[in-house]
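Report on the structure given below.
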Amino acid sequence: MTQYKVAVLGGGSFGTVIANLAASNGHATTLWLRDPQQLADMREHHENTRYLPGFPLAPELMFSDDLQATVAAADVVFVSIPSKAFRSVLKAARPAFRPEQMLVSTTKGIEKDSFALMSEILREESGLTRIGVISGPNLAKEIMARQLAGTVVASPDEGLRTAVHAVLSCAHFRVFSNSDIYGVELSGALKNIYAVASGMAAAHKLGENTRAMLLTRSLAEMSRFAVHLGANPLTFLGLAGVGDLVATCSSPLSRNYQVGFAIGQGQTLEEIVEELEQTAEGINTIQMVRHKADELGIRMPLVTGLHEIIFNKRSLYDVVLAMMLGSQSSDVEFVLPKPGEA
Ligand SMILES: NC(=O)C1=CN([C@@H]2O[C@H](COP(=O)(O)OP(=O)(O)OC[C@H]3O[C@@H](n4cnc5c(N)ncnc54)[C@H](O)[C@@H]3O)[C@@H](O)[C@H]2O)C=CC1
Ligand SMILES: O=C(CO)COP(=O)(O)O
């Protein structure tokens with residue numbers, strides 16, 4: 001099989017997972033991180049003690065804090081930087097890019113203010129044409145523990161899809177292919193919104209009927225939005241759509257679910273963001289999607305409701321009541337258990 005030189009930008013949970021898969025598969029792989037202390041720690045212990053403690057990394061994996069040298073040496077560059085810093089890292093790397101290189105985003109977010117997806121930023125800032133994304137139900141810790149998982153590589157470039165398959169696939173990680181880059185990328189970003197809602201529902205110990213209704217209405221809402229913007233509706237029935245939605249909305253490992261859970265327990269957003277040391281893209285995405293949906297006239301009751309609760313301090317009870325009844329009135333109340341009750 002072809003051997004590739006691989007660079008992974010971003011030493012958080014997911015960058016580490018991707019770099020470890022590539023190195024374990026025998027591809028010469030360098031993980032770039034900006035923090036010199038973390039770099040020294042990873043070189044010494046061959047482990048990401050900050051984000052993924054207890055998981056030894058492939059002995060062949062290399063680490064660097066030299067962005068341009070890391071990028072310049074690679075055939076395939078994975079970018080695993082949170083959306084808020086994504087563009088700045090690409091700008092800093094720009095002088096090192098070569099026309100034949102392949103760039104792949106792993107980031108499930110939307111740029112604040114511009115509404116740009118990460119593949120658009122890759123294209124704009126690198127000037128390259130071989131662009132792709134990966135997305136799917138890919139909770140970092142489960143992949144590090146070598147539990148079975150799959151992802152979707154999406155790109156119009158067949159050679160890039162083949163390369164990503166060769167770099168990442170192994171006995172516990174299957175790579176599927178899709179040419180709908182927009183749909184795959186958008187579903188990864190949108191499902192974070194509904195993971196926040198699911199975390200809130202879990203904090204209130206809502207039942208399985210409620211959970212099923214929330215998940216299916218989430219899928220309907222996210223696909224309605226994405227199809228309006230040009231995505232293929234079938235993408236939402238696959239691993240990157242409903243697959244990632246189910247995983248992220250069900251797992252306390254998801255940072256977006258954790259944020260929703262903490263909101264459901266009454267913590268303020270400020271407290272939560274201060275405590276959570278990792279990235280939860282969903283909060284920014286709720287703001288961006290609410291704005292875009294209003295602009296385009298797309299009905300998104302869950303996004304609107306979440307926005308009202310998180311940013312306008314409306315109560316969960318009021319928002320849910322309005323969703324259940326619409327303009328109808330009712331004398332019958334529903335039961336919203338207090339967080340923490342059995
Ligand atoms: N953790 C997971 O299970 C998965 C995460 N993702 C996506 O991958 C992206 C990254 O997520 P994680 O690695 O989990 O986040 P993380 O919060 O664990 O790590 C983010 C990393 O980016 C680095 N970083 C932040 N700003 C930077 C800058 N200006 N320059 C250089 N490095 C910078 C941080 O130091 C940190 O190492 C997110 O958009 C997320 O949606 C996708 C699939 C699964
Ligand atoms: O995207 C993920 C799993 O597929 C991880 O979700 P979080 O960013 O909420 O942790």
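Note on naming: chains are A, B, ... as they come in the structure tokens, residues start from 1 per chain, ligands start from 1 in the order shown.
Inspection of the environment of ligand 2, which uses only C-alpha atoms and all ligand atoms and a cut-off of 6 Å, identifies the neighbouring residues as Gly136, Pro137, Asn138, Leu139, Asn192, Asp244, Thr248, Ser254, Arg255, Asn256, Tyr257 and Ala280 of chain A.
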Check: ligand 1: which residues are within 7 Å, counting only C-alpha atoms and all ligand atoms, as a PyMOL selection string?
Finding: chain A and resi 10-15+33-35+51+80-83+85+88-89+106-109+135+138-141+254+277-281
Next item on the list: Enter the distance from CA of Thr268 (chain A) to CA of Lys112 (chain A), in Å, rounded to one decimal.
Entry: 21.3 Å
Margin query: DSSP on the backbone, strand (DSSP E) only: what residues of region 19-240 of chain A does that give? Format it as a VMD selection string.
Written below: chain A and resid 28 to 32 62 to 64 76 to 79 102 to 105 131 to 135 149 to 154 173 to 178
Item checked: DSSP alpha helix (DSSP H) residues within region 44-252 of chain A, as a ChimeraX atom specification -> /A:44-45,67-72,83-93,118-126,140-144,158-168,181-203,208-228,244-250
Notebook entry, point to check: If you count only C-alpha atoms, which residues fall within 9 Å of Val246 (chain A), apart from same-chain ones fewer than 3 positions away, as a PyMOL selection string?
Noted result: chain A and resi 137+191+195+215+241-243+249-251
Notebook entry, point to check: When you draw a straight line from CA of Leu117 (chain A) to CA of Ser223 (chain A), how long is it in Å?
Noted result: 16.2 Å
Note to self: Which residues are close to Leu39 (chain A), i.e. within 10 Å by only C-alpha atoms, leaving aside same-chain residues fewer than 6 positions away? Reply as a list in words.
What the structure shows: Gly11, Leu31, Trp32, Leu33, His46, Asn48, Phe63, Ser64 and Asp65 of chain A
Checklist line | All residues 10 Å or closer to Leu276 (chain A), only C-alpha atoms, same chain fewer than 5 positions away omitted, as a list of chain:residue names | finding: A:Arg255, A:Gln258, A:Val259, A:Glu271
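Shortest separation to Val152 (chain A) among A:Ser126, A:Ser327, A:Ser105, A:Thr16 occurs at residue A:Ser105, atoms counted being only C-alpha atoms.
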